[in-house]
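The data block below is coords-v9.txt; it holds compact mmCIF, C-alpha atoms and all ligand atoms.
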# COMPACT_ATOMS: atom_id res chain seq x y z
CA MET A 1 -18.88 1.40 23.00
CA PRO A 2 -16.27 3.77 21.59
CA SER A 3 -16.90 7.41 22.31
CA LYS A 4 -16.89 10.35 19.94
CA ALA A 5 -14.47 12.26 22.18
CA SER A 6 -12.10 12.82 19.26
CA PRO A 7 -10.75 16.38 19.14
CA PHE A 8 -10.87 16.36 15.34
CA ALA A 9 -13.98 16.42 13.25
CA ASN A 10 -13.48 13.72 10.67
CA SER A 11 -15.43 11.48 8.41
CA ILE A 12 -15.11 8.44 10.66
CA ASP A 13 -18.45 7.56 12.22
CA SER A 14 -18.70 7.28 16.03
CA VAL A 15 -18.90 3.50 15.92
CA GLU A 16 -15.90 3.23 13.64
CA ILE A 17 -12.46 2.85 15.18
CA TYR A 18 -9.60 4.10 13.05
CA LEU A 19 -6.34 2.36 13.95
CA ASP A 20 -4.52 3.07 10.69
CA HIS A 21 -2.77 6.38 11.41
CA ALA A 22 0.50 5.12 9.91
CA ALA A 23 -1.34 4.82 6.58
CA SER A 24 -2.91 8.27 6.80
CA THR A 25 -4.06 10.59 9.58
CA PRO A 26 -7.28 12.57 9.92
CA MET A 27 -6.83 16.18 8.83
CA ASN A 28 -6.09 18.52 11.69
CA PRO A 29 -8.99 21.06 11.67
CA VAL A 30 -6.64 24.05 12.02
CA ALA A 31 -4.69 22.79 9.01
CA LEU A 32 -7.93 22.30 7.10
CA SER A 33 -8.92 25.93 7.76
CA ALA A 34 -5.49 27.04 6.53
CA GLN A 35 -5.97 24.99 3.37
CA ILE A 36 -9.36 26.54 2.66
CA GLU A 37 -8.02 30.03 3.30
CA ALA A 38 -4.99 29.51 1.05
CA SER A 39 -7.19 28.03 -1.69
CA ALA A 40 -8.73 31.49 -2.08
CA LEU A 41 -5.40 32.92 -3.30
CA THR A 42 -5.47 33.29 -7.06
CA GLY A 43 -1.89 34.23 -7.91
CA ASN A 44 0.82 31.89 -9.12
CA PRO A 45 3.86 32.25 -6.83
CA SER A 46 6.11 32.47 -9.90
CA GLY A 47 4.42 35.64 -11.18
CA THR A 48 5.29 39.26 -10.55
CA HIS A 49 2.04 41.13 -9.81
CA LYS A 50 0.49 41.71 -6.40
CA ALA A 51 -1.69 38.57 -6.49
CA ALA A 52 1.36 36.47 -7.37
CA ARG A 53 3.38 38.13 -4.65
CA ALA A 54 0.71 37.30 -2.05
CA ALA A 55 0.96 33.64 -3.06
CA LYS A 56 4.77 33.80 -3.06
CA ASN A 57 4.81 35.38 0.41
CA LEU A 58 2.69 32.57 1.81
CA LEU A 59 4.83 29.94 0.09
CA GLU A 60 8.04 31.41 1.46
CA SER A 61 6.68 31.78 4.99
CA CYS A 62 5.70 28.09 4.88
CA ARG A 63 9.19 27.21 3.64
CA GLU A 64 10.76 29.14 6.50
CA GLU A 65 8.59 27.43 9.09
CA VAL A 66 9.08 23.88 7.71
CA ALA A 67 12.84 24.51 7.47
CA GLY A 68 12.85 25.32 11.19
CA TYR A 69 11.11 22.03 12.04
CA LEU A 70 13.63 20.10 9.91
CA GLY A 71 16.70 21.90 11.23
CA VAL A 72 17.81 23.12 7.78
CA GLY A 73 18.23 26.49 6.06
CA VAL A 74 15.19 28.25 4.61
CA SER A 75 16.24 27.79 1.01
CA GLU A 76 16.90 24.10 1.60
CA VAL A 77 13.24 23.00 1.61
CA VAL A 78 11.84 21.66 -1.68
CA PHE A 79 8.08 21.10 -1.62
CA THR A 80 6.94 17.90 -3.34
CA SER A 81 3.73 15.98 -3.93
CA GLY A 82 4.44 13.70 -0.96
CA GLY A 83 6.85 11.23 0.56
CA THR A 84 7.12 9.07 -2.55
CA GLU A 85 8.27 11.94 -4.74
CA ALA A 86 10.65 13.20 -2.06
CA ASP A 87 12.24 9.73 -1.75
CA ASN A 88 12.51 9.32 -5.53
CA LEU A 89 14.11 12.75 -5.91
CA ALA A 90 16.58 12.08 -3.10
CA ILE A 91 17.80 8.81 -4.56
CA LEU A 92 17.42 9.08 -8.32
CA GLY A 93 18.48 12.74 -8.28
CA SER A 94 21.71 12.14 -6.40
CA LEU A 95 23.19 9.40 -8.54
CA SER A 96 25.93 10.19 -10.97
CA LYS A 97 27.31 7.66 -13.46
CA GLY A 98 28.91 4.60 -11.99
CA ARG A 99 27.78 5.21 -8.43
CA ILE A 100 25.05 3.31 -6.66
CA ALA A 101 22.52 3.80 -3.88
CA LEU A 102 22.87 1.92 -0.62
CA SER A 103 19.81 1.41 1.54
CA THR A 104 18.05 -1.17 3.71
CA ALA A 105 15.69 -4.06 3.05
CA ILE A 106 13.09 -2.56 5.39
CA GLU A 107 12.54 0.80 3.64
CA HIS A 108 9.27 1.91 2.09
CA HIS A 109 8.80 0.86 -1.55
CA ALA A 110 9.35 4.49 -2.59
CA VAL A 111 12.99 4.05 -1.56
CA ILE A 112 13.44 0.38 -2.41
CA GLU A 113 12.20 0.71 -5.99
CA SER A 114 14.38 3.79 -6.58
CA VAL A 115 17.41 1.95 -5.20
CA LYS A 116 16.67 -1.05 -7.41
CA GLU A 117 16.39 1.21 -10.46
CA SER A 118 19.91 2.43 -9.79
CA GLY A 119 21.22 -1.13 -9.42
CA GLY A 120 21.79 -0.39 -5.76
CA VAL A 121 22.24 -2.57 -2.69
CA LEU A 122 19.90 -3.26 0.25
CA ILE A 123 21.40 -4.05 3.65
CA GLY A 124 19.53 -6.53 5.87
CA ALA A 125 17.93 -5.99 9.25
CA THR A 126 18.05 -7.72 12.62
CA PHE A 127 15.14 -9.68 14.11
CA GLU A 128 14.35 -6.52 16.14
CA GLY A 129 13.81 -4.61 12.90
CA VAL A 130 16.98 -2.52 13.03
CA VAL A 131 19.31 -2.10 10.06
CA ASP A 132 22.26 -4.50 10.39
CA LEU A 133 25.12 -2.08 11.09
CA ASN A 134 27.79 -4.78 10.82
CA GLU A 135 26.64 -5.68 7.33
CA MET A 136 26.50 -2.00 6.41
CA GLU A 137 30.01 -1.42 7.74
CA SER A 138 31.53 -4.34 5.86
CA TYR A 139 29.79 -3.28 2.63
CA LEU A 140 30.95 0.33 2.98
CA LYS A 141 34.50 -0.69 3.91
CA ASP A 142 34.89 -2.54 0.61
CA ASN A 143 32.70 -0.41 -1.65
CA GLY A 144 32.38 3.03 -0.04
CA GLY A 145 33.93 4.77 -3.05
CA ASN A 146 31.19 3.47 -5.37
CA VAL A 147 28.31 4.67 -3.23
CA GLY A 148 26.62 7.90 -4.33
CA VAL A 149 23.81 8.01 -1.78
CA VAL A 150 22.94 6.19 1.44
CA SER A 151 19.29 6.14 2.51
CA VAL A 152 18.09 4.90 5.91
CA MET A 153 14.64 5.67 7.27
CA MET A 154 14.15 7.37 10.62
CA ALA A 155 11.40 5.01 11.78
CA ASN A 156 9.81 2.08 10.05
CA ASN A 157 6.22 2.42 8.87
CA GLU A 158 5.26 -1.21 9.59
CA THR A 159 6.94 -1.85 12.93
CA GLY A 160 7.61 1.66 14.27
CA VAL A 161 11.23 0.65 14.93
CA VAL A 162 13.51 3.70 15.17
CA GLN A 163 16.72 3.29 13.18
CA PRO A 164 20.23 4.04 14.56
CA LEU A 165 20.86 7.09 12.37
CA ALA A 166 23.74 8.46 14.47
CA GLU A 167 25.66 5.21 13.85
CA VAL A 168 24.76 5.23 10.15
CA LEU A 169 26.07 8.79 9.91
CA LYS A 170 29.39 7.76 11.50
CA LEU A 171 29.83 4.83 9.09
CA VAL A 172 29.09 6.96 6.04
CA LYS A 173 31.44 9.75 7.14
CA ARG A 174 34.18 7.18 7.71
CA TYR A 175 33.88 4.95 4.64
CA ALA A 176 31.91 6.93 2.05
CA PRO A 177 32.51 10.62 2.84
CA ASP A 178 31.49 11.67 -0.70
CA ALA A 179 28.11 9.93 -0.54
CA LEU A 180 24.97 11.94 0.16
CA LEU A 181 23.01 10.83 3.20
CA HIS A 182 19.22 10.68 3.05
CA SER A 183 16.60 9.76 5.63
CA ASP A 184 12.96 8.98 4.93
CA ALA A 185 11.44 10.60 8.01
CA VAL A 186 7.88 10.28 6.70
CA GLN A 187 6.53 8.50 9.80
CA ALA A 188 8.46 10.59 12.29
CA PRO A 189 7.45 14.26 12.72
CA ALA A 190 4.55 13.66 15.12
CA TYR A 191 6.64 11.37 17.34
CA LEU A 192 10.37 12.06 17.01
CA ASP A 193 12.61 15.12 16.88
CA VAL A 194 13.29 15.48 13.17
CA ALA A 195 15.06 18.82 13.62
CA GLY A 196 18.16 16.98 14.89
CA LEU A 197 18.46 15.19 11.53
CA GLY A 198 19.28 18.41 9.71
CA LYS A 199 22.67 18.51 11.47
CA GLY A 200 24.17 15.45 9.77
CA PHE A 201 21.88 14.37 6.95
CA ASP A 202 21.97 15.93 3.48
CA MET A 203 18.36 15.10 2.65
CA ILE A 204 15.18 14.43 4.66
CA SER A 205 11.77 13.34 3.30
CA ILE A 206 8.45 14.17 4.96
CA SER A 207 4.81 13.67 3.98
CA GLY A 208 1.94 15.91 5.17
CA HIS A 209 -0.75 13.25 5.54
CA LYS A 210 1.21 11.38 8.20
CA PHE A 211 0.84 14.20 10.73
CA GLY A 212 -2.58 15.77 10.16
CA GLY A 213 -1.91 17.48 6.82
CA PRO A 214 -3.45 16.76 3.43
CA LYS A 215 -2.61 13.82 1.22
CA GLY A 216 -0.42 14.70 -1.76
CA THR A 217 1.82 17.11 0.17
CA GLY A 218 5.39 16.66 1.29
CA ALA A 219 8.89 18.02 1.16
CA LEU A 220 12.50 17.06 0.69
CA ALA A 221 15.02 19.04 2.68
CA VAL A 222 18.16 19.24 0.54
CA LYS A 223 21.39 20.77 1.80
CA LYS A 224 22.58 23.53 -0.52
CA SER A 225 25.90 21.77 -0.97
CA SER A 226 24.19 18.62 -2.31
CA PRO A 227 24.68 18.10 -6.03
CA LEU A 228 21.11 16.97 -6.70
CA ARG A 229 19.56 16.77 -10.17
CA ALA A 230 15.86 17.24 -10.85
CA ILE A 231 13.69 14.30 -11.87
CA LEU A 232 10.77 16.56 -12.92
CA HIS A 233 11.54 19.10 -15.61
CA GLY A 234 9.68 22.24 -16.56
CA GLY A 235 9.45 25.76 -15.20
CA GLY A 236 12.36 25.39 -12.79
CA GLN A 237 10.48 26.06 -9.57
CA GLU A 238 11.88 25.03 -6.17
CA ARG A 239 15.54 25.84 -6.90
CA GLU A 240 15.08 24.05 -10.23
CA LEU A 241 14.78 20.82 -8.27
CA ARG A 242 11.02 20.36 -8.63
CA SER A 243 9.33 21.97 -11.57
CA GLY A 244 5.59 22.54 -11.45
CA THR A 245 3.33 25.12 -9.82
CA PRO A 246 3.42 24.35 -6.12
CA ASN A 247 0.31 23.08 -4.34
CA LEU A 248 0.10 26.23 -2.25
CA ALA A 249 -3.06 25.39 -0.30
CA GLY A 250 -1.69 21.94 0.50
CA ILE A 251 1.67 23.38 1.54
CA ALA A 252 -0.05 25.92 3.81
CA ALA A 253 -2.08 23.14 5.43
CA MET A 254 0.93 20.84 5.78
CA THR A 255 2.88 23.65 7.46
CA VAL A 256 0.12 24.28 10.01
CA ALA A 257 -0.25 20.54 10.59
CA MET A 258 3.49 20.27 11.21
CA ARG A 259 3.35 23.19 13.65
CA GLU A 260 0.55 21.45 15.56
CA ALA A 261 2.32 18.08 15.47
CA VAL A 262 5.67 19.45 16.64
CA THR A 263 4.30 21.73 19.35
CA GLY A 264 1.96 19.05 20.70
CA ARG A 265 4.49 16.25 20.32
CA ASP A 266 5.61 15.69 23.91
CA GLU A 267 2.08 15.64 25.28
CA ASN A 268 0.76 13.45 22.44
CA VAL A 269 3.63 10.98 22.71
CA GLY A 270 3.01 10.50 26.44
CA ARG A 271 -0.71 9.94 25.92
CA ILE A 272 -0.38 7.67 22.87
CA ALA A 273 2.36 5.60 24.56
CA GLY A 274 -0.11 4.96 27.40
CA LEU A 275 -2.79 3.90 24.90
CA THR A 276 -0.36 1.57 23.12
CA ARG A 277 0.59 -0.04 26.45
CA ARG A 278 -3.11 -0.56 27.11
CA LEU A 279 -3.63 -2.06 23.65
CA ARG A 280 -0.68 -4.43 23.94
CA GLY A 281 -1.50 -5.37 27.52
CA GLY A 282 -5.14 -6.08 26.67
CA LEU A 283 -4.22 -8.25 23.70
CA ALA A 284 -1.50 -10.08 25.67
CA ALA A 285 -4.11 -10.96 28.31
CA MET A 286 -6.31 -12.56 25.63
CA LEU A 287 -3.47 -14.03 23.52
CA PRO A 288 -0.53 -14.76 25.86
CA ALA A 289 1.68 -16.25 23.12
CA ILE A 290 1.87 -13.14 20.97
CA GLU A 291 4.57 -10.49 21.00
CA PRO A 292 4.69 -7.37 18.85
CA ASN A 293 7.31 -7.26 16.10
CA GLY A 294 10.29 -5.06 16.80
CA VAL A 295 10.20 -5.12 20.59
CA GLY A 296 13.68 -5.00 22.02
CA GLY A 297 14.73 -2.04 19.93
CA PRO A 298 13.52 1.54 20.29
CA GLN A 299 10.04 1.94 18.84
CA MET A 300 7.78 4.91 18.15
CA CYS A 301 4.86 4.99 20.54
CA ASN A 302 2.05 4.63 18.02
CA ILE A 303 2.65 1.46 15.96
CA THR A 304 2.05 -2.15 17.04
CA ASN A 305 2.62 -4.96 14.58
CA TYR A 306 1.93 -8.66 15.16
CA CYS A 307 2.56 -11.84 13.20
CA PHE A 308 -0.06 -14.57 13.57
CA ALA A 309 1.53 -17.60 11.90
CA GLY A 310 -0.98 -19.66 9.93
CA LEU A 311 -3.57 -16.85 9.74
CA ASN A 312 -4.18 -14.69 6.73
CA SER A 313 -3.92 -10.87 6.98
CA GLU A 314 -6.67 -10.37 4.44
CA GLU A 315 -9.07 -12.49 6.44
CA ILE A 316 -8.15 -10.70 9.69
CA LEU A 317 -8.64 -7.27 8.10
CA PHE A 318 -11.94 -8.32 6.53
CA MET A 319 -13.32 -9.43 9.90
CA LEU A 320 -12.06 -6.29 11.63
CA ASP A 321 -13.57 -4.15 8.89
CA SER A 322 -16.92 -5.91 9.36
CA ALA A 323 -16.69 -4.91 13.03
CA ASN A 324 -15.76 -1.31 12.02
CA VAL A 325 -12.19 -1.55 13.29
CA TYR A 326 -9.83 -0.24 10.63
CA ALA A 327 -6.26 -1.52 10.55
CA SER A 328 -3.80 -2.72 7.96
CA ALA A 329 -1.10 -5.27 7.22
CA GLY A 330 2.25 -5.09 5.55
CA SER A 331 1.34 -7.83 3.13
CA SER A 332 -0.03 -6.59 -0.15
CA CYS A 333 -2.23 -8.09 -2.80
CA ALA A 334 -0.81 -8.12 -6.31
CA SER A 335 -2.54 -9.97 -9.18
CA GLY A 336 -4.79 -11.88 -6.80
CA ALA A 337 -1.93 -13.37 -4.76
CA LEU A 338 -1.09 -12.15 -1.29
CA ASN A 339 2.53 -11.02 -0.96
CA PRO A 340 4.19 -11.19 2.44
CA SER A 341 5.58 -7.95 3.86
CA HIS A 342 9.15 -7.33 2.68
CA VAL A 343 9.82 -5.62 6.02
CA LEU A 344 8.84 -8.64 8.10
CA LEU A 345 10.69 -11.03 5.77
CA GLY A 346 13.69 -8.68 5.98
CA MET A 347 13.60 -9.06 9.78
CA GLY A 348 13.77 -12.82 9.47
CA ARG A 349 10.10 -13.65 9.90
CA SER A 350 8.90 -16.74 8.02
CA ARG A 351 6.58 -16.43 5.02
CA SER A 352 3.71 -17.90 7.05
CA GLU A 353 4.29 -15.38 9.85
CA ALA A 354 4.59 -12.47 7.43
CA LEU A 355 1.38 -13.44 5.63
CA GLY A 356 -0.50 -13.25 8.93
CA SER A 357 0.59 -9.77 10.00
CA LEU A 358 -1.53 -7.02 11.49
CA ARG A 359 -0.56 -3.39 12.08
CA LEU A 360 -2.53 -1.32 14.58
CA SER A 361 -1.42 2.33 14.51
CA LEU A 362 -2.82 4.93 16.89
CA GLY A 363 -2.76 8.68 16.58
CA VAL A 364 -3.73 11.97 18.17
CA THR A 365 -7.46 11.30 17.77
CA THR A 366 -7.38 7.84 19.41
CA THR A 367 -9.27 7.55 22.71
CA VAL A 368 -9.10 5.13 25.65
CA GLU A 369 -12.60 3.88 24.85
CA GLU A 370 -11.59 3.12 21.28
CA VAL A 371 -8.56 1.15 22.42
CA GLU A 372 -10.59 -0.85 24.91
CA HIS A 373 -13.21 -1.69 22.30
CA ALA A 374 -10.49 -2.52 19.74
CA VAL A 375 -8.81 -4.94 22.17
CA ASP A 376 -12.08 -6.78 22.54
CA VAL A 377 -12.75 -6.93 18.78
CA VAL A 378 -9.18 -7.72 17.67
CA GLY A 379 -8.64 -10.29 20.44
CA ASN A 380 -11.84 -12.15 19.57
CA VAL A 381 -11.24 -12.04 15.81
CA ILE A 382 -7.76 -13.53 16.27
CA LEU A 383 -9.00 -16.14 18.75
CA ASP A 384 -11.78 -17.22 16.37
CA LEU A 385 -9.48 -17.47 13.37
CA ALA A 386 -6.70 -19.20 15.31
CA LYS A 387 -9.12 -21.85 16.58
CA LYS A 388 -10.58 -22.34 13.12
CA LYS A 389 -7.09 -22.75 11.63
CA ARG A 390 -5.88 -24.81 14.61
CA ALA A 391 -2.93 -22.46 15.07
CA SER A 392 -0.23 -24.09 17.19
CA TRP A 393 0.34 -20.94 19.28
CA ILE A 394 -3.19 -20.66 20.66
N1 LIG A 401 7.93 6.51 3.28
C1 LIG A 401 7.30 5.96 4.33
C2 LIG A 401 8.10 5.44 5.48
C3 LIG A 401 5.91 5.84 4.33
O1 LIG A 401 5.29 5.28 5.38
C4 LIG A 401 5.18 6.32 3.21
C5 LIG A 401 3.72 6.17 3.15
O2 LIG A 401 3.15 5.27 3.72
C6 LIG A 401 5.89 6.91 2.17
C7 LIG A 401 7.26 6.99 2.22
C8 LIG A 401 5.18 7.48 0.97
O3 LIG A 401 4.58 8.72 1.30
P1 LIG A 401 3.37 9.31 0.44
O4 LIG A 401 2.16 8.52 0.79
O5 LIG A 401 3.27 10.74 0.88
O6 LIG A 401 3.76 9.21 -0.99
Any chance you could give the structure as structure tokens?
Amino acid sequence: MPSKASPFANSIDSVEIYLDHAASTPMNPVALSAQIEASALTGNPSGTHKAARAAKNLLESCREEVAGYLGVGVSEVVFTSGGTEADNLAILGSLSKGRIALSTAIEHHAVIESVKESGGVLIGATFEGVVDLNEMESYLKDNGGNVGVVSVMMANNETGVVQPLAEVLKLVKRYAPDALLHSDAVQAPAYLDVAGLGKGFDMISISGHKFGGPKGTGALAVKKSSPLRAILHGGGQERELRSGTPNLAGIAAMTVAMREAVTGRDENVGRIAGLTRRLRGGLAAMLPAIEPNGVGGPQMCNITNYCFAGLNSEEILFMLDSANVYASAGSSCASGALNPSHVLLGMGRSRSEALGSLRLSLGVTTTVEEVEHAVDVVGNVILDLAKKKRASWI
């Protein structure tokens, strides 16, 4: 049986196993306390009286701390309502007439849809889930002058594959030196050093609920030299880049969550990598033919993604849910029809493989007992379904 040894108090019952940390993480209790405390502040940070100044002081101390974690200047952090808004602002806000956005086919929809809106271009990925640098180079060589912004994620949310950002930076500096460079680092802060990004990238997106902060919080780091235009208009808050009264309590909680994630990162990464090895090893012993997507390239330690050709993600997730194991798949359901994951298709997986995907993502609250129990449940669910569907790989 799974234990309740989790260091965080959360709403997940002791017999429930939460393996969906890439979708959202449990709130860190220290961050939750900070959120409650900050909620008691009445003032609007834009005001001038003492109550407003107290709110403003907290907001600015959060900005200073988050800037440090992102490796940018204090005034370069723009708080947003999450990763989606940060990505939209980065891409839609940096396009001037006649210039397009260049990104990859494996980005989150928040980037892909913004790129499409600008008539932009998506570069393909390799079978290992890495952006195809050759394709990017040949596109930039011929069209670098037309590109207004280049956006490449730090690590993929479905496969955990870490992208070669140093190489992307070199290509952009060489062929499109006027383009702004953005990275969606939403999945990264608990696992990778995001502070290094601030050195070469003009914009970085983060989202609080991916590292123990509240949902609906996030930030875009924007270099002062970047000619960005707002996509939300109003009172001119956040350097006029993001109008609207800031979600102060959420920002305070996100800041504390980021502090906890960054300071505990090395220890957590070591522990979670061990749990992921155990998960993969256990499943490989039950299902020798399977191999996680994205192996062969560098991967974050917490995400494992499989394709089970001939099976159906919805059915897998339903059976896991019935056994209180919570996971997800890249495929999504729109108007009653299951859509295969664009990330897996972008990596060259077949439609049948992509429709049978499963993502298991661990996090700081995951225990050994939970992983062992999950191996048993997931392994048996897949075996049952594969036999029923007479899958060729079983
Ligand atoms: N970018 C990536 C890579 C993500 O994984 C997500 C959320 O899953 C987002 C952007 C969107 O972030 P948010 O949920 O804060 O809007």
Which residues of chain A come within 9 Å of ligand LIG 401 (chain A), and for each one, what is the closest pair of atoms and their distance in Å to one decimal, counting only C-alpha atoms and all ligand atoms, sorted by chain and residue number, as a Markdown table?
| residue | atom | partner | partner_atom | distance |
| --- | --- | --- | --- | --- |
| A:Ala22 | CA | A:LIG401 | O1 | 6.6 |
| A:Ala23 | CA | A:LIG401 | O2 | 5.3 |
| A:Ser24 | CA | A:LIG401 | O2 | 7.4 |
| A:Ser81 | CA | A:LIG401 | O5 | 7.1 |
| A:Gly82 | CA | A:LIG401 | O5 | 3.7 |
| A:Gly83 | CA | A:LIG401 | O3 | 3.5 |
| A:Thr84 | CA | A:LIG401 | O6 | 3.7 |
| A:Glu85 | CA | A:LIG401 | O6 | 6.5 |
| A:Ala86 | CA | A:LIG401 | O6 | 8.0 |
| A:Asp87 | CA | A:LIG401 | C7 | 6.9 |
| A:Glu107 | CA | A:LIG401 | C2 | 6.7 |
| A:His108 | CA | A:LIG401 | N1 | 4.9 |
| A:His109 | CA | A:LIG401 | C7 | 7.4 |
| A:Ala110 | CA | A:LIG401 | C7 | 5.8 |
| A:Val111 | CA | A:LIG401 | N1 | 7.4 |
| A:Met153 | CA | A:LIG401 | C2 | 6.8 |
| A:Met154 | CA | A:LIG401 | C2 | 8.2 |
| A:Ala155 | CA | A:LIG401 | C2 | 7.1 |
| A:Asn156 | CA | A:LIG401 | C2 | 5.9 |
| A:Asn157 | CA | A:LIG401 | O1 | 4.6 |
| A:Glu158 | CA | A:LIG401 | O1 | 7.7 |
| A:Asp184 | CA | A:LIG401 | N1 | 5.8 |
| A:Ala185 | CA | A:LIG401 | C2 | 6.6 |
| A:Val186 | CA | A:LIG401 | C1 | 5.0 |
| A:Gln187 | CA | A:LIG401 | C2 | 5.5 |
| A:Ala188 | CA | A:LIG401 | C2 | 8.5 |
| A:Ser205 | CA | A:LIG401 | N1 | 7.8 |
| A:Ile206 | CA | A:LIG401 | O5 | 7.4 |
| A:Ser207 | CA | A:LIG401 | O5 | 4.5 |
| A:Gly208 | CA | A:LIG401 | O5 | 6.8 |
| A:His209 | CA | A:LIG401 | O5 | 6.6 |
| A:Lys210 | CA | A:LIG401 | O5 | 7.6 |
| A:Lys215 | CA | A:LIG401 | O5 | 6.6 |
| A:Gly216 | CA | A:LIG401 | O5 | 6.0 |
| A:Thr217 | CA | A:LIG401 | O5 | 6.6 |
| A:Gly218 | CA | A:LIG401 | O5 | 6.3 |
Top pick for closest residue to A:Ala195, considering A:Met27, A:Cys62, A:Ala67, A:Ile272 and counting all atoms listed in the file: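 Selected residue with least distance to A:Ala195: A:Ala67.
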Please enclose the listed atoms of stretch 249-266 of chain A in an axis-aligned box, pad each side by 8 Å, and write out the centre and the three edge lengths in Å, rounded to one decimal, as AutoDock Vina command-line options.
--center_x 1.3 --center_y 20.8 --center_z 11.8 --size_x 24.7 --size_y 26.2 --size_z 40.2
Shell around A:Gly235 at 10 Å using only C-alpha atoms, local window under 4 positions removed, as number ranges by chain: A: 46, 240, 242-245
What lies within 10 Å of A:Arg229 using only C-alpha atoms, ignoring chain neighbours under 4 positions off, as a list in words?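 Once the adjacent positions are removed, what remains is Leu89, Ala90, Ile91, Leu92, Gly93, Ser94, Leu95, Ser96, His233, Glu240, Leu241 and Arg242 of chain A.
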Just give me the gap between atom CA of A:Gly236 and atom CA of A:Val78 in Å, one decimal is fine.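 Atom-to-atom, atom CA of A:Gly236 and atom CA of A:Val78 are spaced 11.7 Å apart.
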May I have a table of the residues of stretch 106-206 of chain A lying at most 10 Å from stretch 345-369 of chain A, giving each one's closest pair of atoms and their distance in Å to one decimal, counting all atoms listed in the file, ordered by chain and ascending residue number, as a Markdown table?
| residue | atom | partner | partner_atom | distance |
| --- | --- | --- | --- | --- |
| A:Ile106 | CA | A:Gly346 | CA | 6.2 |
| A:Glu107 | CA | A:Gly346 | CA | 9.8 |
| A:Ile123 | CA | A:Gly346 | CA | 9.3 |
| A:Gly124 | CA | A:Gly346 | CA | 6.2 |
| A:Ala125 | CA | A:Met347 | CA | 5.3 |
| A:Thr126 | CA | A:Met347 | CA | 5.4 |
| A:Phe127 | CA | A:Met347 | CA | 4.6 |
| A:Glu128 | CA | A:Met347 | CA | 6.9 |
| A:Gly129 | CA | A:Met347 | CA | 5.4 |
| A:Val130 | CA | A:Met347 | CA | 8.0 |
| A:Val131 | CA | A:Met347 | CA | 9.0 |
| A:Asp132 | CA | A:Met347 | CA | 9.8 |
| A:Asn157 | CA | A:Arg359 | CA | 9.5 |
| A:Glu158 | CA | A:Arg359 | CA | 6.7 |
| A:Thr159 | CA | A:Arg359 | CA | 7.7 |
| A:Gly160 | CA | A:Ser361 | CA | 9.1 |
| A:Ala190 | CA | A:Gly363 | CA | 9.0 |
| A:Tyr191 | CA | A:Gly363 | CA | 9.8 |
Just checking: using only C-alpha atoms, which residue out of A:Thr25, A:Ser313, A:Asn305, A:Gln237 ends up closest to A:Thr80? A:Gln237
Extract, using all atoms listed in the file, all DNA, RNA and protein residues at most 12 Å from stretch 134-141 of chain A, discarding same-chain residues fewer than 3 positions from it, and format them as a PyMOL selection string. chain A and resi 100-105+120-126+130-131+144-152+164+167-179
Given only C-alpha atoms as the basis, pick out the residue of A:Glu260, A:Pro26, A:Leu320, A:Val371 nearest to A:Ala273.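 Smallest distance to A:Ala273 is found for A:Val371.
Taking atom CA of A:Ala252 as the reference point, atom CA of A:Thr48 is found at 20.3 Å.
For the atom pair formed by atom CA of A:Gly310 and atom CA of A:Ala391, the distance is 6.2 Å, given to one decimal.
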Nearest to A:Arg277: which of A:Glu65, A:Asn302, A:Pro29, A:Leu133 is it, counting all atoms listed in the file?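 Using all atoms listed in the file, A:Arg277 sits closest to A:Asn302.
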Which is closest to A:Ile204 among A:Asp142, A:Glu238, A:Asp321, A:Glu76, if we use all atoms listed in the file?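 For A:Ile204, the nearest of the given residues is A:Glu76.
Between A:Ala221 and the candidates A:Met300, A:Val77, A:Val262, A:Ala52, the tightest atom-to-atom separation, counting all atoms listed in the file, involves A:Val77.
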Within 6 Å of (4.9, 24.7, 10.3) in the file's own coordinates, which protein, DNA or RNA residues have an atom, counting all atoms listed in the file? List them as a ChimeraX atom specification. /A:65-66,255-256,258-259
If we count only C-alpha atoms and set the cut-off at 9 Å, which residues sit around stretch 377-389 of chain A, ignoring sequence neighbours fewer than 4 positions away in its own chain? Please answer as a compact mmCIF listing (two decimals) with C-alpha atoms, in the coordinates of the input.
# COMPACT_ATOMS: atom_id res chain seq x y z
CA GLY A 282 -5.14 -6.08 26.67
CA LEU A 283 -4.22 -8.25 23.70
CA ALA A 284 -1.50 -10.08 25.67
CA MET A 286 -6.31 -12.56 25.63
CA LEU A 287 -3.47 -14.03 23.52
CA PHE A 308 -0.06 -14.57 13.57
CA GLY A 310 -0.98 -19.66 9.93
CA LEU A 311 -3.57 -16.85 9.74
CA ASN A 312 -4.18 -14.69 6.73
CA GLU A 315 -9.07 -12.49 6.44
CA ILE A 316 -8.15 -10.70 9.69
CA MET A 319 -13.32 -9.43 9.90
CA LEU A 320 -12.06 -6.29 11.63
CA ALA A 323 -16.69 -4.91 13.03
CA VAL A 325 -12.19 -1.55 13.29
CA GLU A 372 -10.59 -0.85 24.91
CA HIS A 373 -13.21 -1.69 22.30
CA TRP A 393 0.34 -20.94 19.28
CA ILE A 394 -3.19 -20.66 20.66
